[in-house]
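S.K.: One file is attached below, target-v1.cif, containing mmCIF, C-alpha atoms (C1' of nucleotides).
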data_final
loop_
_atom_site.label_atom_id
_atom_site.label_comp_id
_atom_site.auth_asym_id
_atom_site.auth_seq_id
_atom_site.Cartn_x
_atom_site.Cartn_y
_atom_site.Cartn_z
CA MET A 1 -11.67 38.26 -14.20
CA ASP A 2 -12.60 39.13 -10.70
CA TYR A 3 -12.17 36.36 -8.22
CA THR A 4 -14.35 37.61 -5.42
CA ARG A 5 -16.09 35.11 -3.21
CA ASP A 6 -19.40 36.10 -4.76
CA ASN A 7 -18.16 35.28 -8.22
CA MET A 8 -16.86 31.95 -6.95
CA ALA A 9 -20.43 30.86 -6.23
CA GLY A 10 -21.34 31.44 -9.86
CA LEU A 11 -18.23 29.67 -11.06
CA LEU A 12 -19.09 26.65 -8.94
CA ARG A 13 -22.70 26.60 -10.11
CA SER A 14 -21.61 26.82 -13.72
CA HIS A 15 -19.59 23.67 -13.14
CA ASP A 16 -22.49 21.91 -11.55
CA ILE A 17 -21.14 22.19 -8.03
CA ASN A 18 -23.33 23.15 -5.12
CA PRO A 19 -21.63 26.27 -3.72
CA THR A 20 -21.25 25.71 -0.01
CA HIS A 21 -19.30 27.97 2.31
CA GLN A 22 -16.26 25.67 2.40
CA ARG A 23 -16.21 25.13 -1.34
CA ILE A 24 -16.32 28.86 -1.95
CA GLU A 25 -13.39 29.39 0.39
CA ILE A 26 -11.34 26.69 -1.30
CA ALA A 27 -12.14 27.95 -4.79
CA HIS A 28 -11.26 31.46 -3.65
CA ALA A 29 -7.90 30.28 -2.32
CA LEU A 30 -7.02 28.74 -5.66
CA PHE A 31 -8.46 31.24 -8.10
CA SER A 32 -7.60 34.50 -6.38
CA ARG A 33 -3.96 33.42 -6.37
CA GLN A 34 -3.88 31.71 -9.74
CA GLU A 35 -1.12 29.53 -8.38
CA HIS A 36 -0.36 25.85 -8.07
CA LEU A 37 -1.25 24.78 -4.56
CA SER A 38 -0.99 21.49 -2.72
CA ALA A 39 -3.81 20.23 -0.53
CA ASP A 40 -1.77 21.19 2.49
CA GLN A 41 -1.32 24.72 1.29
CA VAL A 42 -5.01 25.06 0.53
CA MET A 43 -5.83 23.90 4.02
CA ALA A 44 -3.40 26.35 5.57
CA ILE A 45 -4.83 29.26 3.58
CA VAL A 46 -8.43 28.42 4.28
CA ASN A 47 -7.81 28.06 8.01
CA THR A 48 -5.59 31.08 8.59
CA ARG A 49 -7.87 33.03 10.91
CA HIS A 50 -9.65 30.26 12.73
CA SER A 51 -10.03 26.64 11.86
CA GLU A 52 -12.95 26.48 9.48
CA THR A 53 -12.51 23.54 7.19
CA SER A 54 -11.45 20.01 7.98
CA LYS A 55 -8.78 18.03 6.19
CA ALA A 56 -11.34 15.59 4.82
CA THR A 57 -13.35 18.40 3.29
CA VAL A 58 -10.31 19.93 1.66
CA TYR A 59 -9.40 16.62 0.05
CA ASN A 60 -12.99 15.82 -0.92
CA THR A 61 -13.50 19.24 -2.39
CA LEU A 62 -10.31 19.23 -4.42
CA LYS A 63 -11.23 15.84 -5.81
CA LEU A 64 -14.68 17.13 -6.66
CA PHE A 65 -13.25 20.18 -8.43
CA LEU A 66 -11.01 17.85 -10.38
CA GLU A 67 -13.88 15.63 -11.52
CA LYS A 68 -15.93 18.64 -12.53
CA GLY A 69 -13.07 20.07 -14.56
CA LEU A 70 -12.63 23.15 -12.44
CA VAL A 71 -8.99 22.48 -11.68
CA ARG A 72 -6.20 20.30 -13.03
CA GLU A 73 -3.88 17.98 -11.19
CA VAL A 74 -0.15 18.42 -11.69
CA ILE A 75 2.09 15.52 -10.77
CA VAL A 76 5.70 16.63 -10.71
CA ASP A 77 6.84 16.05 -7.19
CA PRO A 78 6.76 12.53 -5.79
CA SER A 79 5.73 13.77 -2.39
CA LYS A 80 2.62 15.81 -3.17
CA VAL A 81 0.08 16.66 -5.83
CA PHE A 82 -0.47 20.22 -6.97
CA PHE A 83 -3.80 21.63 -8.06
CA ASP A 84 -3.87 24.08 -10.91
CA PRO A 85 -6.71 26.56 -11.38
CA ASN A 86 -5.60 27.12 -14.97
CA THR A 87 -7.41 24.56 -17.08
CA SER A 88 -6.51 25.97 -20.47
CA PRO A 89 -4.03 23.83 -22.40
CA HIS A 90 -0.58 24.47 -21.06
CA HIS A 91 2.55 22.77 -19.86
CA HIS A 92 4.76 23.14 -16.84
CA LEU A 93 8.19 24.27 -15.85
CA TYR A 94 9.42 22.78 -12.62
CA GLU A 95 12.40 24.15 -10.75
CA VAL A 96 13.71 21.06 -9.06
CA ASP A 97 15.65 22.63 -6.20
CA SER A 98 13.15 25.28 -5.17
CA GLY A 99 10.03 23.30 -5.97
CA LYS A 100 8.66 26.28 -7.92
CA LEU A 101 6.17 25.39 -10.59
CA SER A 102 5.13 27.70 -13.42
CA ASP A 103 3.09 27.53 -16.59
CA ILE A 104 4.25 27.24 -20.15
CA ASP A 105 1.59 28.40 -22.55
CA ALA A 106 0.71 25.66 -25.03
CA GLY A 107 0.21 28.21 -27.79
CA HIS A 108 3.52 27.83 -29.54
CA VAL A 109 4.51 24.38 -28.38
CA ARG A 110 4.06 21.66 -30.92
CA ILE A 111 4.49 17.97 -30.23
CA SER A 112 4.68 15.73 -33.27
CA GLY A 113 5.52 12.16 -34.08
CA LEU A 114 3.73 10.46 -31.21
CA PRO A 115 2.90 6.85 -32.04
CA PRO A 116 -0.75 5.75 -32.39
CA LEU A 117 -2.53 4.88 -29.18
CA PRO A 118 -3.13 1.27 -28.21
CA PRO A 119 -6.54 0.17 -29.56
CA GLY A 120 -9.54 0.98 -27.43
CA MET A 121 -7.72 3.77 -25.63
CA VAL A 122 -8.37 7.48 -25.64
CA THR A 123 -6.04 10.22 -24.58
CA GLU A 124 -6.94 11.77 -21.30
CA GLY A 125 -4.20 14.35 -21.42
CA ILE A 126 -0.63 15.00 -22.40
CA ASP A 127 1.62 16.33 -19.69
CA LEU A 128 4.83 17.98 -20.67
CA ILE A 129 7.12 18.89 -17.83
CA VAL A 130 10.39 20.72 -18.28
CA ARG A 131 12.56 20.07 -15.26
CA VAL A 132 15.20 22.71 -14.66
CA ARG A 133 17.71 23.49 -11.97
CA ARG A 134 20.00 26.36 -11.11
CA LYS A 135 23.23 26.25 -13.09
CA ASN A 136 25.90 25.09 -10.60
CA MET B 1 22.51 -7.60 -23.58
CA ASP B 2 22.79 -10.25 -20.94
CA TYR B 3 21.60 -9.23 -17.54
CA THR B 4 23.20 -11.91 -15.43
CA ARG B 5 24.18 -11.10 -11.89
CA ASP B 6 27.82 -11.26 -12.92
CA ASN B 7 27.32 -8.62 -15.55
CA MET B 8 25.50 -6.46 -13.03
CA ALA B 9 28.71 -6.13 -11.03
CA GLY B 10 30.47 -4.69 -14.07
CA LEU B 11 27.56 -2.39 -14.81
CA LEU B 12 27.66 -1.06 -11.28
CA ARG B 13 31.43 -0.56 -11.36
CA SER B 14 31.20 1.26 -14.66
CA HIS B 15 28.84 3.70 -12.96
CA ASP B 16 31.15 4.16 -10.04
CA ILE B 17 29.07 2.10 -7.65
CA ASN B 18 30.61 -0.41 -5.30
CA PRO B 19 28.92 -3.70 -6.22
CA THR B 20 27.67 -5.21 -3.01
CA HIS B 21 25.45 -8.23 -2.81
CA GLN B 22 22.30 -6.20 -2.20
CA ARG B 23 23.05 -3.73 -4.97
CA ILE B 24 23.59 -6.52 -7.45
CA GLU B 25 20.26 -8.07 -6.52
CA ILE B 26 18.43 -4.79 -6.91
CA ALA B 27 20.10 -4.01 -10.23
CA HIS B 28 19.30 -7.52 -11.40
CA ALA B 29 15.64 -7.08 -10.47
CA LEU B 30 15.40 -3.94 -12.57
CA PHE B 31 17.55 -4.79 -15.55
CA SER B 32 16.61 -8.41 -16.10
CA ARG B 33 12.98 -7.31 -16.35
CA GLN B 34 13.51 -4.05 -18.21
CA GLU B 35 10.35 -2.81 -16.57
CA HIS B 36 9.22 0.15 -14.53
CA LEU B 37 9.21 -0.90 -10.90
CA SER B 38 8.26 0.87 -7.71
CA ALA B 39 10.42 0.61 -4.59
CA ASP B 40 7.83 -1.75 -3.14
CA GLN B 41 7.96 -4.02 -6.12
CA VAL B 42 11.75 -4.09 -6.06
CA MET B 43 11.66 -5.04 -2.41
CA ALA B 44 9.16 -7.83 -3.05
CA ILE B 45 11.23 -9.25 -5.89
CA VAL B 46 14.50 -9.11 -4.01
CA ASN B 47 13.01 -10.79 -0.96
CA THR B 48 11.00 -13.55 -2.64
CA ARG B 49 12.87 -16.54 -1.27
CA HIS B 50 13.91 -15.27 2.12
CA SER B 51 14.15 -11.78 3.44
CA GLU B 52 17.53 -10.51 2.31
CA THR B 53 17.39 -6.78 1.93
CA SER B 54 15.86 -4.20 4.21
CA LYS B 55 13.51 -1.44 3.17
CA ALA B 56 16.10 1.21 4.01
CA THR B 57 18.63 -0.43 1.73
CA VAL B 58 16.19 -0.68 -1.14
CA TYR B 59 15.38 3.02 -0.88
CA ASN B 60 19.01 4.05 -0.38
CA THR B 61 20.15 1.94 -3.29
CA LEU B 62 17.51 3.19 -5.69
CA LYS B 63 18.43 6.74 -4.78
CA LEU B 64 22.08 5.94 -5.34
CA PHE B 65 21.34 4.41 -8.76
CA LEU B 66 19.41 7.55 -9.61
CA GLU B 67 22.27 9.87 -8.67
CA LYS B 68 24.73 7.77 -10.63
CA GLY B 69 22.53 7.83 -13.71
CA LEU B 70 21.89 4.12 -13.74
CA VAL B 71 18.13 4.47 -13.62
CA ARG B 72 15.55 7.16 -14.20
CA GLU B 73 12.70 8.25 -12.00
CA VAL B 74 9.23 8.36 -13.49
CA ILE B 75 6.63 10.42 -11.69
CA VAL B 76 3.19 9.69 -13.06
CA ASP B 77 1.25 8.36 -10.15
CA PRO B 78 0.81 10.54 -7.10
CA SER B 79 1.09 7.56 -4.80
CA LYS B 80 4.41 6.07 -5.83
CA VAL B 81 7.55 6.67 -7.85
CA PHE B 82 8.63 4.27 -10.57
CA PHE B 83 12.22 3.49 -11.44
CA ASP B 84 13.11 2.97 -15.05
CA PRO B 85 16.19 0.99 -16.10
CA ASN B 86 15.95 2.52 -19.57
CA THR B 87 17.96 5.73 -19.49
CA SER B 88 17.97 6.41 -23.21
CA PRO B 89 15.80 9.37 -24.21
CA HIS B 90 12.19 8.29 -24.27
CA HIS B 91 8.76 9.26 -23.10
CA HIS B 92 5.95 7.47 -21.32
CA LEU B 93 2.48 6.19 -21.90
CA TYR B 94 0.45 5.77 -18.74
CA GLU B 95 -2.77 3.80 -18.63
CA VAL B 96 -4.64 5.58 -15.90
CA ASP B 97 -7.05 2.86 -14.83
CA SER B 98 -4.65 -0.08 -14.87
CA GLY B 99 -1.56 1.80 -13.77
CA LYS B 100 0.39 0.25 -16.65
CA LEU B 101 3.36 2.29 -17.77
CA SER B 102 5.16 1.80 -21.08
CA ASP B 103 7.84 3.53 -23.09
CA ILE B 104 7.50 5.76 -26.10
CA ASP B 105 10.70 5.91 -28.08
CA ALA B 106 11.91 9.47 -28.44
CA GLY B 107 13.18 8.77 -31.94
CA HIS B 108 10.32 10.23 -33.90
CA VAL B 109 8.85 12.56 -31.34
CA ARG B 110 9.67 16.18 -31.83
CA ILE B 111 8.84 18.94 -29.39
CA SER B 112 9.19 22.47 -30.71
CA GLY B 113 8.32 25.97 -29.65
CA LEU B 114 9.32 25.74 -26.02
CA PRO B 115 10.10 29.16 -24.57
CA PRO B 116 13.65 30.04 -23.47
CA LEU B 117 14.61 28.92 -19.98
CA PRO B 118 14.75 31.40 -17.14
CA PRO B 119 18.29 32.85 -16.88
CA GLY B 120 20.77 30.80 -14.87
CA MET B 121 18.78 27.62 -15.32
CA VAL B 122 19.66 24.46 -17.17
CA THR B 123 17.34 21.72 -18.30
CA GLU B 124 17.57 18.60 -16.25
CA GLY B 125 15.10 16.70 -18.35
CA ILE B 126 11.88 16.91 -20.30
CA ASP B 127 9.18 14.51 -19.29
CA LEU B 128 6.39 13.84 -21.70
CA ILE B 129 3.58 11.70 -20.37
CA VAL B 130 0.63 10.60 -22.45
CA ARG B 131 -2.19 9.67 -20.15
CA VAL B 132 -4.72 7.31 -21.67
CA ARG B 133 -7.71 5.38 -20.47
CA ARG B 134 -9.99 2.70 -21.82
CA LYS B 135 -12.63 4.11 -24.15
CA ASN B 136 -16.12 4.39 -22.47
"C1'" DT C 1 -42.90 27.03 11.27
"C1'" DC C 2 -41.72 22.36 11.89
"C1'" DC C 3 -40.24 17.85 10.01
"C1'" DG C 4 -37.56 14.58 7.46
"C1'" DG C 5 -34.31 13.25 4.36
"C1'" DA C 6 -30.39 14.13 1.42
"C1'" DA C 7 -26.08 16.38 0.98
"C1'" DA C 8 -22.15 18.03 3.15
"C1'" DT C 9 -18.89 18.38 6.84
"C1'" DT C 10 -16.27 16.75 10.71
"C1'" DA C 11 -12.75 14.49 13.94
"C1'" DG C 12 -9.97 11.20 14.27
"C1'" DA C 13 -8.40 6.54 13.25
"C1'" DC C 14 -6.02 4.45 9.71
"C1'" DA C 15 -2.90 3.23 5.53
"C1'" DA C 16 1.04 3.54 2.54
"C1'" DA C 17 5.32 5.59 0.91
"C1'" DG C 18 9.32 7.16 2.23
"C1'" DT C 19 12.95 9.03 5.75
"C1'" DC C 20 15.96 8.77 9.56
"C1'" DC C 21 18.98 7.02 13.02
"C1'" DA C 22 21.84 4.42 16.06
"C1'" DG C 23 23.77 0.13 16.22
"C1'" DA C 24 25.54 -4.13 13.85
"C1'" DT C 25 28.07 -6.19 9.74
"C1'" DT C 26 31.12 -6.32 6.18
"C1'" DG C 27 35.28 -5.89 3.94
"C1'" DC C 28 39.42 -4.02 3.30
"C1'" DT C 29 44.40 -2.57 4.55
"C1'" DG C 30 48.17 -2.37 7.24
"C1'" DC D 1 44.52 -9.74 13.87
"C1'" DA D 2 43.15 -4.63 14.69
"C1'" DG D 3 41.21 -0.58 13.01
"C1'" DC D 4 38.44 1.99 9.97
"C1'" DA D 5 35.21 3.23 6.50
"C1'" DA D 6 31.42 1.78 3.96
"C1'" DT D 7 27.29 -0.55 4.07
"C1'" DC D 8 23.25 -2.61 5.89
"C1'" DT D 9 19.54 -3.21 9.30
"C1'" DG D 10 15.19 -2.90 12.18
"C1'" DG D 11 12.22 -0.05 13.70
"C1'" DA D 12 10.46 4.34 14.98
"C1'" DC D 13 8.85 8.24 12.77
"C1'" DT D 14 6.75 11.68 9.24
"C1'" DT D 15 3.79 13.00 5.66
"C1'" DT D 16 0.22 12.64 2.39
"C1'" DG D 17 -3.91 11.02 1.68
"C1'" DT D 18 -8.19 7.83 2.71
"C1'" DC D 19 -12.03 6.07 5.31
"C1'" DT D 20 -15.86 5.95 8.46
"C1'" DA D 21 -19.39 6.83 11.55
"C1'" DA D 22 -21.50 10.51 13.65
"C1'" DT D 23 -23.08 15.28 13.26
"C1'" DT D 24 -24.56 19.48 10.95
"C1'" DT D 25 -26.66 22.04 7.25
"C1'" DC D 26 -29.87 22.80 3.82
"C1'" DC D 27 -34.22 22.70 1.68
"C1'" DG D 28 -38.88 21.37 0.16
"C1'" DG D 29 -43.39 20.14 1.69
"C1'" DA D 30 -47.19 19.77 5.10
#
Represent the structure from my file as structure tokens, please.

M.R.:
Amino acid sequence: MDYTRDNMAGLLRSHDINPTHQRIEIAHALFSRQEHLSADQVMAIVNTRHSETSKATVYNTLKLFLEKGLVREVIVDPSKVFFDPNTSPHHHLYEVDSGKLSDIDAGHVRISGLPPLPPGMVTEGIDLIVRVRRKN
Amino acid sequence: MDYTRDNMAGLLRSHDINPTHQRIEIAHALFSRQEHLSADQVMAIVNTRHSETSKATVYNTLKLFLEKGLVREVIVDPSKVFFDPNTSPHHHLYEVDSGKLSDIDAGHVRISGLPPLPPGMVTEGIDLIVRVRRKN
DNA sequence: TCCGGAAATTAGACAAAGTCCAGATTGCTG
DNA sequence: CAGCAATCTGGACTTTGTCTAATTTCCGGA
């Protein structure tokens, strides 16, 4: 994969998103790093050189990406949401003291014995978060 | 179990917490209901008749309970933390549209195939959240 | 090319959750 | 009762995120 800005436009189009300048920048920030970023971090990255994108646009765009399935939301820290450019099935490892968040491939993980869902409900996703901290 | 205010004092003492009036009220709110409550909800319950406990105390006390292992923190909603008086191993079912949160007993659930932890790290907890929504 | 409307972006006011602090209360213990 | 530590308090403050009304951008058609 090559996460150039040009390729971002195609990625956006393939997800039914009109590729504007700001959206390309935001997608580039997320995908070129392949990291979990908060809205704040995205804003800081996108506006490093000169202020280019407003707070409202960053939030709107991240929400749009979420709806269109381009990114995933990771809720591990009560104070902020992380956005994850990796949408393949996977879980998360969260280092509580440092705040570092990394992926656990879902390949070998098996979860069994979950009870049936309440009637009329469908699963939207299963989040598995392993919280770790430095030993002593 | 009998979650009277009198028994709360003993519960607090057994967790090495000095049982003050406010702490007993907050513990009572959580344990008599056996429900997941947010800090806001706790405050509303505790102050129904007349204002008795300040916001700062509610937050401080919930944090204290957390440290002492009296309650658990459940992070499923980006906008607020829930506190869970059930500290036995269990997972959570979260109804996305209604915000309703319920327990999944850990008894029959088995999680296997997790990769080894990074060196020098210990598990603090494994959170499994099943997110569901109403069909259609 | 010019026009008009739809889509997107913007600044900044606002809201809600949670933190912080300095001062007041409480409750021992001598 | 005096002194001291623990606790509680109101309120200012911070941070994350939302909302809105006004502007800008984009694009198709005349």

S.K.: Take the PyMOL selection byres ((chain C and resi 24) around 8), run it mentally on this structure, and tell me the resulting residues as a PyMOL selection string.

M.R.: (chain C and resi 23+25) or (chain D and resi 9)

S.K.: Applying 10 Å and all atoms listed in the file, which residues near segment 22-29 of chain D remain after dropping the ones on its own chain fewer than 6 positions away? List them as a PDB file with C-alpha atoms (C1' of nucleotides), keeping the file's coordinate frame.

M.R.:
ATOM      1  CA  THR A  20     -21.250  25.710  -0.010  1.00  0.00           C
TER       2      THR A  20
ATOM      3  C1'  DC C   3     -40.240  17.850  10.010  1.00  0.00           C
ATOM      4  C1'  DG C   4     -37.560  14.580   7.460  1.00  0.00           C
ATOM      5  C1'  DG C   5     -34.310  13.250   4.360  1.00  0.00           C
ATOM      6  C1'  DA C   6     -30.390  14.130   1.420  1.00  0.00           C
ATOM      7  C1'  DA C   7     -26.080  16.380   0.980  1.00  0.00           C
ATOM      8  C1'  DA C   8     -22.150  18.030   3.150  1.00  0.00           C
ATOM      9  C1'  DT C   9     -18.890  18.380   6.840  1.00  0.00           C
ATOM     10  C1'  DT C  10     -16.270  16.750  10.710  1.00  0.00           C
ATOM     11  C1'  DA C  11     -12.750  14.490  13.940  1.00  0.00           C
TER      12       DA C  11
END

S.K.: Give me the result of the PyMOL selection byres ((chain B) within 9 of (chain D)) on this file, residue by residue, as number ranges by chain.

M.R.: B: 20, 22, 53-57, 79

S.K.: Could you tell me which residues the PyMOL selection byres ((chain C) within 9 of (chain B)) returns for this structure, as a list in words?

M.R.: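 Selected by the PyMOL selection byres ((chain C) within 9 of (chain B)) in this file: DA16, DA17, DG18 and DT19 of chain C.
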
S.K.: Compute the chain A side of the contact with chain B at 9 Å, counting only C-alpha atoms, and hand it back as a ChimeraX atom specification.

M.R.: /A:75-81,93,95-96,104-115,117,119-136

S.K.: Excluding Ala27 of chain A and its own-chain neighbours fewer than 3 positions away, which residues fall within 9 Å of it when counting all atoms listed in the file? Please give them as a list in words.

M.R.: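 Contacts, in chain order: Arg5, Met8, Ala9, Leu11, Leu12, Gln22, Arg23, Ile24, Leu30, Phe31, Ser32, Leu62, Phe65 and Pro85 of chain A.
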
S.K.: When you draw a straight line from atom CA of Thr4 of chain B to atom CA of Arg33 of chain B, how long is it in Å?

M.R.: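 Interatomic distance here is 11.2 Å.
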
S.K.: Just how far from atom CA of Asp84 of chain B is atom CA of Ser38 of chain B, in Å to one decimal?

M.R.: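 Value for the atom CA of Ser38 of chain B-atom CA of Asp84 of chain B distance: 9.0 Å.
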
S.K.: Suppose you want the space between atom C1' of DG12 of chain C and atom CA of Phe83 of chain A; what is it in Å?

M.R.: 25.4 Å

S.K.: N, CA and C atoms are what I want for segment 98-111 of chain B; can you complete it accordingly and write them as an mmCIF file, in the frame of the given file?

M.R.:
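Saved to rebuild_37.cif:
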data_model
loop_
_atom_site.group_PDB
_atom_site.id
_atom_site.type_symbol
_atom_site.label_atom_id
_atom_site.label_comp_id
_atom_site.auth_asym_id
_atom_site.auth_seq_id
_atom_site.Cartn_x
_atom_site.Cartn_y
_atom_site.Cartn_z
ATOM 1 N N SER B 98 -5.390 1.120 -15.260
ATOM 2 C CA SER B 98 -4.650 -0.080 -14.870
ATOM 3 C C SER B 98 -3.329 0.235 -14.187
ATOM 4 N N GLY B 99 -2.855 1.461 -14.341
ATOM 5 C CA GLY B 99 -1.560 1.800 -13.770
ATOM 6 C C GLY B 99 -0.391 1.310 -14.603
ATOM 7 N N LYS B 100 -0.679 0.787 -15.792
ATOM 8 C CA LYS B 100 0.390 0.250 -16.650
ATOM 9 C C LYS B 100 1.169 1.385 -17.307
ATOM 10 N N LEU B 101 2.482 1.240 -17.267
ATOM 11 C CA LEU B 101 3.360 2.290 -17.770
ATOM 12 C C LEU B 101 4.257 1.689 -18.847
ATOM 13 N N SER B 102 4.295 2.327 -20.027
ATOM 14 C CA SER B 102 5.160 1.800 -21.080
ATOM 15 C C SER B 102 5.949 2.916 -21.737
ATOM 16 N N ASP B 103 6.953 2.536 -22.485
ATOM 17 C CA ASP B 103 7.840 3.530 -23.090
ATOM 18 C C ASP B 103 7.359 3.990 -24.450
ATOM 19 N N ILE B 104 7.672 5.236 -24.745
ATOM 20 C CA ILE B 104 7.500 5.760 -26.100
ATOM 21 C C ILE B 104 8.884 6.186 -26.555
ATOM 22 N N ASP B 105 9.371 5.565 -27.599
ATOM 23 C CA ASP B 105 10.700 5.910 -28.080
ATOM 24 C C ASP B 105 10.737 7.376 -28.491
ATOM 25 N N ALA B 106 11.828 8.040 -28.135
ATOM 26 C CA ALA B 106 11.910 9.470 -28.440
ATOM 27 C C ALA B 106 12.314 9.722 -29.877
ATOM 28 N N GLY B 107 12.658 8.645 -30.574
ATOM 29 C CA GLY B 107 13.180 8.770 -31.940
ATOM 30 C C GLY B 107 12.398 9.682 -32.842
ATOM 31 N N HIS B 108 11.103 9.475 -32.922
ATOM 32 C CA HIS B 108 10.320 10.230 -33.900
ATOM 33 C C HIS B 108 9.571 11.394 -33.290
ATOM 34 N N VAL B 109 9.615 11.499 -31.984
ATOM 35 C CA VAL B 109 8.850 12.560 -31.340
ATOM 36 C C VAL B 109 9.637 13.861 -31.381
ATOM 37 N N ARG B 110 8.991 14.891 -31.829
ATOM 38 C CA ARG B 110 9.670 16.180 -31.830
ATOM 39 C C ARG B 110 8.827 17.191 -31.051
ATOM 40 N N ILE B 111 9.502 17.911 -30.178
ATOM 41 C CA ILE B 111 8.840 18.940 -29.390
ATOM 42 C C ILE B 111 9.459 20.266 -29.784
#
